[in-house]
file model_25.pdb (PDB, C-alpha atoms, pLDDT in the B column)
ATOM      1  CA  MET N   1      92.336 101.327  84.648  1.00 64.00           C
ATOM      2  CA  ILE N   2      92.710 103.756  81.758  1.00 64.00           C
ATOM      3  CA  ARG N   3      93.023 101.948  78.443  1.00 75.00           C
ATOM      4  CA  LEU N   4      93.025 103.721  75.096  1.00 84.00           C
ATOM      5  CA  LYS N   5      91.011 101.634  72.670  1.00 79.00           C
ATOM      6  CA  ASN N   6      91.209 103.426  69.327  1.00 85.00           C
ATOM      7  CA  GLU N   7      92.986 106.138  67.348  1.00 88.00           C
ATOM      8  CA  LYS N   8      90.356 108.735  68.241  1.00 92.00           C
ATOM      9  CA  GLN N   9      91.124 108.311  71.927  1.00 94.00           C
ATOM     10  CA  ILE N  10      94.872 108.332  71.302  1.00 94.00           C
ATOM     11  CA  ASP N  11      94.514 111.562  69.343  1.00 95.00           C
ATOM     12  CA  GLY N  12      92.386 113.093  72.100  1.00 97.00           C
ATOM     13  CA  ILE N  13      94.872 112.492  74.900  1.00 97.00           C
ATOM     14  CA  ARG N  14      97.766 113.616  72.701  1.00 97.00           C
ATOM     15  CA  LYS N  15      96.027 116.938  71.990  1.00 98.00           C
ATOM     16  CA  SER N  16      95.315 117.549  75.678  1.00 98.00           C
ATOM     17  CA  CYS N  17      98.931 116.839  76.589  1.00 98.00           C
ATOM     18  CA  LYS N  18     100.307 119.064  73.822  1.00 98.00           C
ATOM     19  CA  MET N  19      98.039 121.888  74.991  1.00 98.00           C
ATOM     20  CA  LEU N  20      99.322 121.556  78.555  1.00 98.00           C
ATOM     21  CA  SER N  21     102.962 121.612  77.482  1.00 98.00           C
ATOM     22  CA  ALA N  22     102.309 124.622  75.233  1.00 98.00           C
ATOM     23  CA  MET N  23     100.904 126.442  78.257  1.00 98.00           C
ATOM     24  CA  TYR N  24     103.998 125.623  80.299  1.00 97.00           C
ATOM     25  CA  ARG N  25     106.335 126.887  77.592  1.00 96.00           C
ATOM     26  CA  GLU N  26     104.730 130.319  77.891  1.00 97.00           C
ATOM     27  CA  LEU N  27     104.459 130.196  81.683  1.00 97.00           C
ATOM     28  CA  LEU N  28     107.923 129.066  82.724  1.00 96.00           C
ATOM     29  CA  PRO N  29     109.824 132.213  81.627  1.00 95.00           C
ATOM     30  CA  GLN N  30     107.516 134.239  83.897  1.00 96.00           C
ATOM     31  CA  VAL N  31     108.422 132.312  87.058  1.00 97.00           C
ATOM     32  CA  LYS N  32     110.937 134.740  88.511  1.00 96.00           C
ATOM     33  CA  PRO N  33     111.716 136.361  91.866  1.00 98.00           C
ATOM     34  CA  GLY N  34     109.086 138.926  92.869  1.00 98.00           C
ATOM     35  CA  LEU N  35     106.125 137.175  91.219  1.00 98.00           C
ATOM     36  CA  GLU N  36     103.169 136.395  93.495  1.00 98.00           C
ATOM     37  CA  THR N  37     102.111 132.772  93.135  1.00 98.00           C
ATOM     38  CA  VAL N  38      98.463 133.796  92.806  1.00 98.00           C
ATOM     39  CA  GLU N  39      99.441 135.532  89.563  1.00 98.00           C
ATOM     40  CA  ILE N  40     100.611 132.189  88.219  1.00 98.00           C
ATOM     41  CA  ASP N  41      97.159 130.779  88.922  1.00 98.00           C
ATOM     42  CA  ARG N  42      95.345 133.731  87.335  1.00 98.00           C
ATOM     43  CA  TRP N  43      97.485 133.514  84.218  1.00 98.00           C
ATOM     44  CA  THR N  44      96.991 129.738  84.004  1.00 98.00           C
ATOM     45  CA  ARG N  45      93.195 129.975  84.275  1.00 98.00           C
ATOM     46  CA  ASP N  46      93.072 132.604  81.557  1.00 98.00           C
ATOM     47  CA  TRP N  47      95.389 130.699  79.216  1.00 98.00           C
ATOM     48  CA  ILE N  48      93.479 127.419  79.523  1.00 98.00           C
ATOM     49  CA  LYS N  49      90.127 129.146  78.967  1.00 98.00           C
ATOM     50  CA  LYS N  50      91.366 130.939  75.851  1.00 98.00           C
ATOM     51  CA  ALA N  51      92.852 127.682  74.525  1.00 98.00           C
ATOM     52  CA  GLY N  52      89.484 125.943  74.813  1.00 98.00           C
ATOM     53  CA  GLY N  53      90.228 123.642  77.730  1.00 98.00           C
ATOM     54  CA  LYS N  54      89.210 123.419  81.383  1.00 98.00           C
ATOM     55  CA  PRO N  55      91.498 123.416  84.434  1.00 98.00           C
ATOM     56  CA  ALA N  56      91.465 119.808  85.641  1.00 98.00           C
ATOM     57  CA  PHE N  57      92.646 120.711  89.155  1.00 98.00           C
ATOM     58  CA  LEU N  58      90.214 123.537  89.919  1.00 98.00           C
ATOM     59  CA  GLY N  59      87.497 122.241  92.252  1.00 98.00           C
ATOM     60  CA  TYR N  60      89.032 118.758  92.437  1.00 98.00           C
ATOM     61  CA  GLY N  61      88.749 116.795  95.662  1.00 96.00           C
ATOM     62  CA  PRO N  62      86.285 116.573  98.542  1.00 96.00           C
ATOM     63  CA  ALA N  63      83.197 118.780  98.408  1.00 96.00           C
ATOM     64  CA  LYS N  64      84.062 120.347 101.767  1.00 97.00           C
ATOM     65  CA  ASN N  65      87.564 121.353 100.674  1.00 98.00           C
ATOM     66  CA  PRO N  66      88.019 121.300  96.882  1.00 98.00           C
ATOM     67  CA  PHE N  67      91.330 122.465  95.448  1.00 98.00           C
ATOM     68  CA  PRO N  68      90.880 126.221  94.901  1.00 98.00           C
ATOM     69  CA  ALA N  69      93.261 126.819  91.988  1.00 98.00           C
ATOM     70  CA  ALA N  70      94.059 125.714  88.443  1.00 98.00           C
ATOM     71  CA  ILE N  71      97.706 124.983  89.223  1.00 98.00           C
ATOM     72  CA  CYS N  72      99.707 123.797  92.219  1.00 98.00           C
ATOM     73  CA  VAL N  73     102.650 126.015  93.158  1.00 98.00           C
ATOM     74  CA  SER N  74     104.912 124.353  95.726  1.00 98.00           C
ATOM     75  CA  ILE N  75     108.051 126.143  96.899  1.00 98.00           C
ATOM     76  CA  ASN N  76     111.181 124.669  98.519  1.00 98.00           C
ATOM     77  CA  ASN N  77     109.993 122.455 101.405  1.00 98.00           C
ATOM     78  CA  GLU N  78     106.511 122.152  99.846  1.00 98.00           C
ATOM     79  CA  VAL N  79     106.419 118.835  98.003  1.00 98.00           C
ATOM     80  CA  ILE N  80     103.097 119.020  96.120  1.00 98.00           C
ATOM     81  CA  HIS N  81      99.639 120.638  96.156  1.00 98.00           C
ATOM     82  CA  GLY N  82     100.807 124.118  97.166  1.00 98.00           C
ATOM     83  CA  ILE N  83      97.928 126.594  96.979  1.00 98.00           C
ATOM     84  CA  PRO N  84      98.703 129.869  95.134  1.00 98.00           C
ATOM     85  CA  SER N  85      98.597 132.978  97.349  1.00 98.00           C
ATOM     86  CA  ARG N  86     100.069 136.474  97.753  1.00 98.00           C
ATOM     87  CA  ARG N  87     103.403 134.824  98.558  1.00 98.00           C
ATOM     88  CA  LYS N  88     106.204 136.161  96.376  1.00 98.00           C
ATOM     89  CA  ILE N  89     108.804 133.949  94.772  1.00 98.00           C
ATOM     90  CA  ARG N  90     112.273 134.763  96.048  1.00 98.00           C
ATOM     91  CA  GLU N  91     115.723 134.531  94.528  1.00 98.00           C
ATOM     92  CA  GLY N  92     116.974 130.961  94.873  1.00 97.00           C
ATOM     93  CA  ASP N  93     113.570 129.325  95.338  1.00 98.00           C
ATOM     94  CA  LEU N  94     112.851 125.938  93.806  1.00 98.00           C
ATOM     95  CA  VAL N  95     109.296 126.265  92.485  1.00 98.00           C
ATOM     96  CA  SER N  96     107.387 123.093  91.587  1.00 98.00           C
ATOM     97  CA  LEU N  97     104.431 123.591  89.233  1.00 98.00           C
ATOM     98  CA  ASP N  98     101.805 120.905  88.667  1.00 98.00           C
ATOM     99  CA  CYS N  99      98.833 121.334  86.326  1.00 98.00           C
ATOM    100  CA  GLY N 100      96.299 119.393  84.305  1.00 98.00           C
ATOM    101  CA  ILE N 101      93.941 120.233  81.448  1.00 98.00           C
ATOM    102  CA  ASP N 102      90.587 118.707  80.564  1.00 98.00           C
ATOM    103  CA  LEU N 103      90.219 118.984  76.787  1.00 98.00           C
ATOM    104  CA  ASP N 104      86.930 117.529  75.589  1.00 98.00           C
ATOM    105  CA  GLY N 105      87.039 114.891  78.309  1.00 97.00           C
ATOM    106  CA  PHE N 106      90.716 113.962  77.903  1.00 97.00           C
ATOM    107  CA  ILE N 107      92.897 114.770  80.922  1.00 98.00           C
ATOM    108  CA  SER N 108      96.599 115.632  80.796  1.00 98.00           C
ATOM    109  CA  ASP N 109      98.934 116.025  83.780  1.00 98.00           C
ATOM    110  CA  GLN N 110     102.476 117.422  83.988  1.00 98.00           C
ATOM    111  CA  ALA N 111     104.794 118.856  86.630  1.00 98.00           C
ATOM    112  CA  VAL N 112     108.118 120.674  86.456  1.00 97.00           C
ATOM    113  CA  SER N 113     110.396 122.227  89.068  1.00 98.00           C
ATOM    114  CA  VAL N 114     111.655 125.683  88.114  1.00 97.00           C
ATOM    115  CA  GLU N 115     114.765 127.333  89.510  1.00 97.00           C
ATOM    116  CA  ALA N 116     113.968 130.967  90.291  1.00 97.00           C
ATOM    117  CA  GLY N 117     117.107 132.988  89.733  1.00 94.00           C
ATOM    118  CA  ARG N 118     120.314 131.421  91.019  1.00 94.00           C
ATOM    119  CA  VAL N 119     119.589 128.462  93.297  1.00 97.00           C
ATOM    120  CA  SER N 120     122.107 126.721  95.518  1.00 97.00           C
ATOM    121  CA  GLY N 121     124.237 123.955  94.067  1.00 97.00           C
ATOM    122  CA  ALA N 122     122.467 121.470  96.319  1.00 98.00           C
ATOM    123  CA  ALA N 123     119.025 122.575  95.095  1.00 98.00           C
ATOM    124  CA  HIS N 124     120.112 122.344  91.470  1.00 97.00           C
ATOM    125  CA  ALA N 125     121.570 118.874  92.009  1.00 97.00           C
ATOM    126  CA  LEU N 126     118.299 117.705  93.577  1.00 98.00           C
ATOM    127  CA  ASN N 127     116.328 119.147  90.692  1.00 98.00           C
ATOM    128  CA  VAL N 128     118.477 117.412  88.091  1.00 97.00           C
ATOM    129  CA  ALA N 129     118.314 114.129  89.997  1.00 98.00           C
ATOM    130  CA  THR N 130     114.519 114.264  90.259  1.00 98.00           C
ATOM    131  CA  ARG N 131     114.220 114.972  86.536  1.00 97.00           C
ATOM    132  CA  ASP N 132     116.535 112.028  85.875  1.00 97.00           C
ATOM    133  CA  CYS N 133     114.426 109.796  88.145  1.00 98.00           C
ATOM    134  CA  LEU N 134     111.457 110.614  85.924  1.00 98.00           C
ATOM    135  CA  TYR N 135     113.213 109.576  82.732  1.00 97.00           C
ATOM    136  CA  ARG N 136     114.577 106.418  84.319  1.00 98.00           C
ATOM    137  CA  GLY N 137     111.030 105.531  85.299  1.00 98.00           C
ATOM    138  CA  ILE N 138     109.786 106.201  81.768  1.00 98.00           C
ATOM    139  CA  ALA N 139     112.531 103.982  80.339  1.00 98.00           C
ATOM    140  CA  ALA N 140     111.112 101.108  82.398  1.00 98.00           C
ATOM    141  CA  VAL N 141     107.672 101.359  80.740  1.00 98.00           C
ATOM    142  CA  LYS N 142     107.550  98.295  78.478  1.00 97.00           C
ATOM    143  CA  ALA N 143     104.604  96.301  77.194  1.00 95.00           C
ATOM    144  CA  GLY N 144     104.293  92.985  79.041  1.00 96.00           C
ATOM    145  CA  ASP N 145     106.562  93.991  81.917  1.00 97.00           C
ATOM    146  CA  ARG N 146     105.406  94.714  85.447  1.00 98.00           C
ATOM    147  CA  LEU N 147     104.481  98.198  86.625  1.00 98.00           C
ATOM    148  CA  LEU N 148     106.694  98.196  89.704  1.00 98.00           C
ATOM    149  CA  GLN N 149     109.748  98.165  87.445  1.00 98.00           C
ATOM    150  CA  VAL N 150     108.972 101.853  87.027  1.00 98.00           C
ATOM    151  CA  SER N 151     108.937 102.283  90.807  1.00 98.00           C
ATOM    152  CA  ARG N 152     112.239 100.450  91.237  1.00 98.00           C
ATOM    153  CA  ALA N 153     113.895 102.622  88.605  1.00 98.00           C
ATOM    154  CA  VAL N 154     112.787 105.837  90.303  1.00 98.00           C
ATOM    155  CA  GLN N 155     113.690 104.746  93.818  1.00 98.00           C
ATOM    156  CA  GLY N 156     116.988 103.164  92.833  1.00 98.00           C
ATOM    157  CA  HIS N 157     118.352 106.338  91.279  1.00 98.00           C
ATOM    158  CA  ALA N 158     117.178 108.599  94.117  1.00 98.00           C
ATOM    159  CA  LEU N 159     118.596 106.387  96.860  1.00 98.00           C
ATOM    160  CA  SER N 160     121.899 105.972  95.018  1.00 98.00           C
ATOM    161  CA  LEU N 161     122.344 109.732  95.360  1.00 98.00           C
ATOM    162  CA  GLY N 162     121.310 109.864  99.014  1.00 98.00           C
ATOM    163  CA  TYR N 163     117.886 111.475  98.543  1.00 98.00           C
ATOM    164  CA  GLY N 164     114.573 110.646 100.191  1.00 98.00           C
ATOM    165  CA  VAL N 165     111.655 109.221  98.221  1.00 98.00           C
ATOM    166  CA  VAL N 166     108.106 110.254  99.146  1.00 98.00           C
ATOM    167  CA  HIS N 167     105.951 107.179  99.823  1.00 98.00           C
ATOM    168  CA  GLU N 168     102.586 108.678 100.753  1.00 97.00           C
ATOM    169  CA  PHE N 169     101.853 110.145  97.309  1.00 98.00           C
ATOM    170  CA  CYS N 170     102.412 108.652  93.896  1.00 98.00           C
ATOM    171  CA  GLY N 171     101.792 108.686  90.166  1.00 98.00           C
ATOM    172  CA  HIS N 172      98.598 107.292  88.691  1.00 98.00           C
ATOM    173  CA  GLY N 173      96.557 106.388  85.679  1.00 97.00           C
ATOM    174  CA  VAL N 174      95.205 109.413  83.821  1.00 97.00           C
ATOM    175  CA  GLY N 175      93.285 110.180  80.649  1.00 95.00           C
ATOM    176  CA  PHE N 176      89.521 110.014  81.242  1.00 95.00           C
ATOM    177  CA  ALA N 177      89.774 111.213  84.861  1.00 95.00           C
ATOM    178  CA  LEU N 178      92.503 113.007  86.798  1.00 96.00           C
ATOM    179  CA  HIS N 179      93.324 110.033  89.012  1.00 96.00           C
ATOM    180  CA  GLU N 180      92.670 106.474  87.872  1.00 95.00           C
ATOM    181  CA  ASP N 181      94.130 103.056  88.487  1.00 95.00           C
ATOM    182  CA  PRO N 182      96.818 101.931  88.487  1.00 97.00           C
ATOM    183  CA  GLN N 183      98.737 103.739  91.170  1.00 97.00           C
ATOM    184  CA  VAL N 184     102.365 104.328  90.188  1.00 98.00           C
ATOM    185  CA  PRO N 185     104.377 104.579  93.416  1.00 98.00           C
ATOM    186  CA  ASN N 186     107.920 105.891  93.464  1.00 98.00           C
ATOM    187  CA  TYR N 187     109.028 102.824  95.428  1.00 98.00           C
ATOM    188  CA  PRO N 188     108.047  99.185  94.842  1.00 98.00           C
ATOM    189  CA  HIS N 189     104.845  98.685  96.799  1.00 96.00           C
ATOM    190  CA  GLY N 190     101.303  97.447  96.158  1.00 96.00           C
ATOM    191  CA  PRO N 191      99.664  95.931  93.067  1.00 96.00           C
ATOM    192  CA  ASN N 192     102.004  95.020  90.234  1.00 97.00           C
ATOM    193  CA  PRO N 193      99.966  94.601  87.044  1.00 96.00           C
ATOM    194  CA  ARG N 194     101.475  93.978  83.649  1.00 97.00           C
ATOM    195  CA  MET N 195     101.739  97.027  81.442  1.00 97.00           C
ATOM    196  CA  CYS N 196      99.934  96.675  78.134  1.00 95.00           C
ATOM    197  CA  ASN N 197      99.094  98.697  75.048  1.00 95.00           C
ATOM    198  CA  GLY N 198      96.630 101.496  75.705  1.00 95.00           C
ATOM    199  CA  LEU N 199      97.906 102.140  79.239  1.00 97.00           C
ATOM    200  CA  VAL N 200      98.217 105.842  80.142  1.00 97.00           C
ATOM    201  CA  ILE N 201      99.993 106.818  83.358  1.00 98.00           C
ATOM    202  CA  ALA N 202     101.375 109.923  85.013  1.00 98.00           C
ATOM    203  CA  ILE N 203     104.839 109.146  86.379  1.00 98.00           C
ATOM    204  CA  GLU N 204     105.831 111.751  88.972  1.00 98.00           C
ATOM    205  CA  PRO N 205     108.872 111.388  91.215  1.00 98.00           C
ATOM    206  CA  MET N 206     108.731 113.493  94.388  1.00 98.00           C
ATOM    207  CA  ILE N 207     112.258 113.491  95.747  1.00 98.00           C
ATOM    208  CA  ASN N 208     113.457 115.191  98.929  1.00 98.00           C
ATOM    209  CA  MET N 209     116.836 116.573  99.946  1.00 98.00           C
ATOM    210  CA  GLY N 210     116.489 114.850 103.318  1.00 96.00           C
ATOM    211  CA  SER N 211     114.173 112.062 104.382  1.00 97.00           C
ATOM    212  CA  GLY N 212     111.115 110.989 102.431  1.00 98.00           C
ATOM    213  CA  GLU N 213     108.819 111.784 105.346  1.00 98.00           C
ATOM    214  CA  VAL N 214     106.088 114.377 104.765  1.00 98.00           C
ATOM    215  CA  GLY N 215     103.125 116.070 106.450  1.00 98.00           C
ATOM    216  CA  ILE N 216     100.064 118.043 105.357  1.00 98.00           C
ATOM    217  CA  LEU N 217      99.402 121.651 106.384  1.00 98.00           C
ATOM    218  CA  ASP N 218      96.156 122.835 107.954  1.00 98.00           C
ATOM    219  CA  ASP N 219      94.815 123.887 104.551  1.00 98.00           C
ATOM    220  CA  GLY N 220      94.285 120.175 103.910  1.00 98.00           C
ATOM    221  CA  TRP N 221      96.276 120.231 100.660  1.00 98.00           C
ATOM    222  CA  THR N 222      99.858 121.464 100.921  1.00 98.00           C
ATOM    223  CA  VAL N 223     102.282 118.583 101.468  1.00 98.00           C
ATOM    224  CA  VAL N 224     105.577 119.569 103.112  1.00 98.00           C
ATOM    225  CA  THR N 225     108.762 117.754 104.054  1.00 98.00           C
ATOM    226  CA  ALA N 226     108.851 116.636 107.678  1.00 98.00           C
ATOM    227  CA  ASP N 227     112.423 117.888 108.128  1.00 98.00           C
ATOM    228  CA  ASP N 228     111.791 121.234 106.354  1.00 98.00           C
ATOM    229  CA  ARG N 229     114.350 120.481 103.635  1.00 98.00           C
ATOM    230  CA  ILE N 230     113.605 121.116  99.974  1.00 98.00           C
ATOM    231  CA  SER N 231     111.815 118.840  97.548  1.00 98.00           C
ATOM    232  CA  ALA N 232     111.548 118.607  93.750  1.00 98.00           C
ATOM    233  CA  HIS N 233     108.759 117.243  91.545  1.00 98.00           C
ATOM    234  CA  TRP N 234     108.736 116.241  87.871  1.00 98.00           C
ATOM    235  CA  GLU N 235     105.955 114.529  85.910  1.00 98.00           C
ATOM    236  CA  HIS N 236     105.082 113.358  82.415  1.00 98.00           C
ATOM    237  CA  THR N 237     101.966 111.720  81.025  1.00 98.00           C
ATOM    238  CA  VAL N 238     103.104 108.545  79.258  1.00 98.00           C
ATOM    239  CA  ALA N 239     101.202 106.054  77.071  1.00 97.00           C
ATOM    240  CA  LEU N 240     102.008 102.597  75.793  1.00 96.00           C
ATOM    241  CA  ILE N 241     101.116 102.681  72.096  1.00 95.00           C
ATOM    242  CA  HIS N 242     102.060  99.950  69.621  1.00 92.00           C
ATOM    243  CA  ASP N 243     104.473  98.392  72.146  1.00 93.00           C
ATOM    244  CA  ARG N 244     106.306 101.691  72.656  1.00 94.00           C
ATOM    245  CA  ALA N 245     106.319 104.133  75.569  1.00 96.00           C
ATOM    246  CA  GLU N 246     105.330 107.533  74.199  1.00 97.00           C
ATOM    247  CA  ILE N 247     105.851 110.657  76.316  1.00 98.00           C
ATOM    248  CA  LEU N 248     102.693 112.626  75.541  1.00 98.00           C
ATOM    249  CA  THR N 249     103.698 115.816  77.360  1.00 97.00           C
ATOM    250  CA  ASP N 250     106.681 117.724  75.958  1.00 94.00           C
ATOM    251  CA  ALA N 251     110.129 118.047  77.507  1.00 89.00           C
ATOM    252  CA  LEU N 252     110.459 121.323  79.416  1.00 86.00           C
ATOM    253  CA  ASP N 253     113.962 120.774  80.749  1.00 76.00           C
ATOM    254  CA  GLN N 254     116.183 121.822  77.873  1.00 60.00           C
ATOM    255  CA  ASP N 255     118.098 124.324  80.003  1.00 67.00           C
ATOM    256  CA  LEU N 256     118.575 121.969  82.969  1.00 73.00           C
ATOM    257  CA  ALA N 257     122.123 120.607  82.731  1.00 61.00           C
TER     258      ALA N 257
END
call {"tool": "encode", "arguments": {"input": "model_25.pdb", "output": "C-alpha cells"}}
result
Amino acid sequence: MIRLKNEKQIDGIRKSCKMLSAMYRELLPQVKPGLETVEIDRWTRDWIKKAGGKPAFLGYGPAKNPFPAAICVSINNEVIHGIPSRRKIREGDLVSLDCGIDLDGFISDQAVSVEAGRVSGAAHALNVATRDCLYRGIAAVKAGDRLLQVSRAVQGHALSLGYGVVHEFCGHGVGFALHEDPQVPNYPHGPNPRMCNGLVIAIEPMINMGSGEVGILDDGWTVVTADDRISAHWEHTVALIHDRAEILTDALDQDLA
C-alpha cells in the first residue's frame, strides 16, 4: 500500500500530479471533431518528454501485449483503455482521456471526459453525474474511516440517477507504481482498510448510461459497455495529508455545468 512518509515524497507526488494537470490544460482545447485519436497520443508523448517526465502508461501491462500508447482515448461506448488510432473524433462524441506521468519515480494518474462539440443532453447529464460521483467519493476520504465509504458514495449517487456502475475495474493506490494496493472499487466490495495519513489513491468512477456490464475487445485492452450505450470516466489522484484529503491533480471541469 502506498504510504507517503516524508515531505520529500509529498513534494514529489505533488509535482508529478501538477505536471499531468498542466498537460491536460493544453490538451483539452484540442479535442475537437475531426481530430484523429492517434494525434492525441503523439502530442501527449511529445509534451511529457519535453516536460521532463515519462509516460506511465506506455508499455504498461503484460509483456506479450503491453499498452501501446501514452494516453487512453475511449469514445462513447468505450469505458476505459481505448487505444489511439486513425479514428476521427466526431461531433457529439464523449471522449474519455486517461493518462499518467512518471516524474522521477513518482506516478500521477488522472482522467477526464471531454464533450466534443455539442453532445446530446443525455450524454452531458451522464458526464456531469460521473464528475459528481468523483467528488462525492473524494469527500468520503477521511483519516480513520473505512475505504469502502468512498465506494458507497460513488455508487449511491450513480444509482440514484439510474446509471450503471462498472464493477470489473476500479480505482487504486498510486504514487510509486501505477497500480498499487488498495483497490478502490466504485461499489462496496472487497477489503475495507482504514484510511490513514500518507495514503495516496486514484479515485475513478466509470459510470454507464445503461447497465454496468462491460466486455473487452480483441485488442486485449479496450473495455466497452455490454449494451453499447455510452460511458463516462473521471479520475483524480488524492492523498491524505495531515488528516485532510488533498486533491493532487487539478480540476479540469470548470466549464462543465
call {"tool": "resolve_selection", "arguments": {"input": "model_25.pdb", "expression": "the PyMOL selection byres ((chain N and resi 213) around 8)", "output": "list of chain:residue names"}}
result
N:Gly164, N:Val166, N:His167, N:Ser211, N:Gly212, N:Val214, N:Gly215, N:Thr225, N:Ala226, N:Asp227
call {"tool": "closest_residue", "arguments": {"input": "model_25.pdb", "among": "N:Asp132, N:Glu180, N:Asp102, N:Asp228", "to": "N:Met19", "atoms": "all atoms listed in the file"}}
result
N:Asp102
call {"tool": "atom_distance", "arguments": {"input": "model_25.pdb", "atom1": "atom CA of N:Leu240", "atom2": "atom CA of N:Tyr187"}}
result
20.9 Å
call {"tool": "closest_atom_pairs", "arguments": {"input": "model_25.pdb", "of": "stretch 63-142 of chain N", "to": "stretch 189-195 of chain N", "cutoff": "12 Å", "atoms": "only C-alpha atoms", "output": "JSON lines"}}
result
{"residue": "N:Ala140", "atom": "CA", "partner": "N:Met195", "partner_atom": "CA", "distance": 10.3}
{"residue": "N:Val141", "atom": "CA", "partner": "N:Met195", "partner_atom": "CA", "distance": 7.4}
{"residue": "N:Lys142", "atom": "CA", "partner": "N:Met195", "partner_atom": "CA", "distance": 6.6}
call {"tool": "axis_aligned_box", "arguments": {"input": "model_25.pdb", "around": "stretch 44-48 of chain N", "padding_each_side": "4 Å", "output": "lines of an AutoDock Vina configuration file"}}
result
center_x = 95.0
center_y = 130.0
center_z = 81.7
size_x = 11.9
size_y = 13.2
size_z = 13.1
call {"tool": "resolve_selection", "arguments": {"input": "model_25.pdb", "expression": "the PyMOL selection byres ((chain N and resi 186) around 7)", "output": "VMD selection string"}}
result
chain N and resid 151 154 to 155 165 167 170 184 to 185 187 to 188 205
call {"tool": "resolve_selection", "arguments": {"input": "model_25.pdb", "expression": "the PyMOL selection byres ((chain N and resi 21-24) around 12)", "output": "PyMOL selection string"}}
result
chain N and resi 14-20+25-31+40+43-53+55+71+97-101+108-114+235-237+247-253
call {"tool": "residues_around", "arguments": {"input": "model_25.pdb", "residues": "N:Gly173", "least_positions_apart": "6", "cutoff": "9 Å", "atoms": "all atoms listed in the file", "output": "PyMOL selection string"}}
result
chain N and resi 1-2+179-184+199-203+237
call {"tool": "write_last_selection", "arguments": {"input": "model_25.pdb", "atoms": "C-alpha atoms", "output": "PDB file, in the frame of the given file"}}
result
ATOM      1  CA  MET N   1      92.336 101.327  84.648  1.00 64.00           C
ATOM      2  CA  ILE N   2      92.710 103.756  81.758  1.00 64.00           C
ATOM      3  CA  HIS N 179      93.324 110.033  89.012  1.00 96.00           C
ATOM      4  CA  GLU N 180      92.670 106.474  87.872  1.00 95.00           C
ATOM      5  CA  ASP N 181      94.130 103.056  88.487  1.00 95.00           C
ATOM      6  CA  PRO N 182      96.818 101.931  88.487  1.00 97.00           C
ATOM      7  CA  GLN N 183      98.737 103.739  91.170  1.00 97.00           C
ATOM      8  CA  VAL N 184     102.365 104.328  90.188  1.00 98.00           C
ATOM      9  CA  LEU N 199      97.906 102.140  79.239  1.00 97.00           C
ATOM     10  CA  VAL N 200      98.217 105.842  80.142  1.00 97.00           C
ATOM     11  CA  ILE N 201      99.993 106.818  83.358  1.00 98.00           C
ATOM     12  CA  ALA N 202     101.375 109.923  85.013  1.00 98.00           C
ATOM     13  CA  ILE N 203     104.839 109.146  86.379  1.00 98.00           C
ATOM     14  CA  THR N 237     101.966 111.720  81.025  1.00 98.00           C
TER      15      THR N 237
END
call {"tool": "residues_around", "arguments": {"input": "model_25.pdb", "residues": "N:Gly92", "least_positions_apart": "3", "cutoff": "9 Å", "atoms": "all atoms listed in the file", "output": "JSON list (two decimals) with C-alpha atoms, in the frame of the given file"}}
result
[["chain", "number", "residue", "atom", "x", "y", "z"],
["N", 33, "PRO", "CA", 111.72, 136.36, 91.87],
["N", 89, "ILE", "CA", 108.80, 133.95, 94.77],
["N", 115, "GLU", "CA", 114.76, 127.33, 89.51],
["N", 116, "ALA", "CA", 113.97, 130.97, 90.29],
["N", 117, "GLY", "CA", 117.11, 132.99, 89.73],
["N", 118, "ARG", "CA", 120.31, 131.42, 91.02],
["N", 119, "VAL", "CA", 119.59, 128.46, 93.30],
["N", 120, "SER", "CA", 122.11, 126.72, 95.52],
["N", 123, "ALA", "CA", 119.02, 122.58, 95.10]]
call {"tool": "residues_around", "arguments": {"input": "model_25.pdb", "residues": "N:Arg87", "least_positions_apart": "2", "cutoff": "7 Å", "atoms": "all atoms listed in the file", "output": "number ranges by chain"}}
result
N: 36-37, 85, 89
call {"tool": "atom_distance", "arguments": {"input": "model_25.pdb", "atom1": "atom CA of N:Ile230", "atom2": "atom CA of N:Thr130"}}
result
11.9 Å
call {"tool": "closest_residue", "arguments": {"input": "model_25.pdb", "among": "N:Val223, N:Ala158, N:Ile138, N:Val174", "to": "N:Asn76", "atoms": "all atoms listed in the file"}}
result
N:Val223
call {"tool": "atom_distance", "arguments": {"input": "model_25.pdb", "atom1": "atom CA of N:Ala153", "atom2": "atom CA of N:Gly137"}}
result
5.3 Å
call {"tool": "residues_near_point", "arguments": {"input": "model_25.pdb", "point": "(100.4, 122.9, 102.4)", "cutoff": "12 Å", "atoms": "all atoms listed in the file", "output": "ChimeraX atom specification"}}
result
/N:67,72-85,214-226
call {"tool": "build_atoms", "arguments": {"input": "model_25.pdb", "residues": "stretch 182-189 of chain N", "atoms": "N, CA and C atoms", "output": "mmCIF file, in the coordinates of the input"}}
result
data_model
loop_
_atom_site.group_PDB
_atom_site.id
_atom_site.type_symbol
_atom_site.label_atom_id
_atom_site.label_comp_id
_atom_site.auth_asym_id
_atom_site.auth_seq_id
_atom_site.Cartn_x
_atom_site.Cartn_y
_atom_site.Cartn_z
ATOM 1 N N PRO N 182 96.147 102.407 87.278
ATOM 2 C CA PRO N 182 96.818 101.931 88.487
ATOM 3 C C PRO N 182 97.573 103.052 89.196
ATOM 4 N N GLN N 183 97.811 102.858 90.489
ATOM 5 C CA GLN N 183 98.737 103.739 91.170
ATOM 6 C C GLN N 183 100.152 103.431 90.690
ATOM 7 N N VAL N 184 100.975 104.484 90.642
ATOM 8 C CA VAL N 184 102.365 104.328 90.188
ATOM 9 C C VAL N 184 103.272 104.886 91.284
ATOM 10 N N PRO N 185 103.552 104.087 92.305
ATOM 11 C CA PRO N 185 104.377 104.579 93.416
ATOM 12 C C PRO N 185 105.817 104.795 92.987
ATOM 13 N N ASN N 186 106.510 105.616 93.744
ATOM 14 C CA ASN N 186 107.920 105.891 93.464
ATOM 15 C C ASN N 186 108.848 104.961 94.229
ATOM 16 N N TYR N 187 108.270 103.911 94.817
ATOM 17 C CA TYR N 187 109.028 102.824 95.428
ATOM 18 C C TYR N 187 108.196 101.562 95.232
ATOM 19 N N PRO N 188 108.805 100.398 95.161
ATOM 20 C CA PRO N 188 108.047 99.185 94.842
ATOM 21 C C PRO N 188 107.121 98.779 95.981
ATOM 22 N N HIS N 189 105.832 98.967 95.759
ATOM 23 C CA HIS N 189 104.845 98.685 96.799
ATOM 24 C C HIS N 189 103.476 98.539 96.157
#
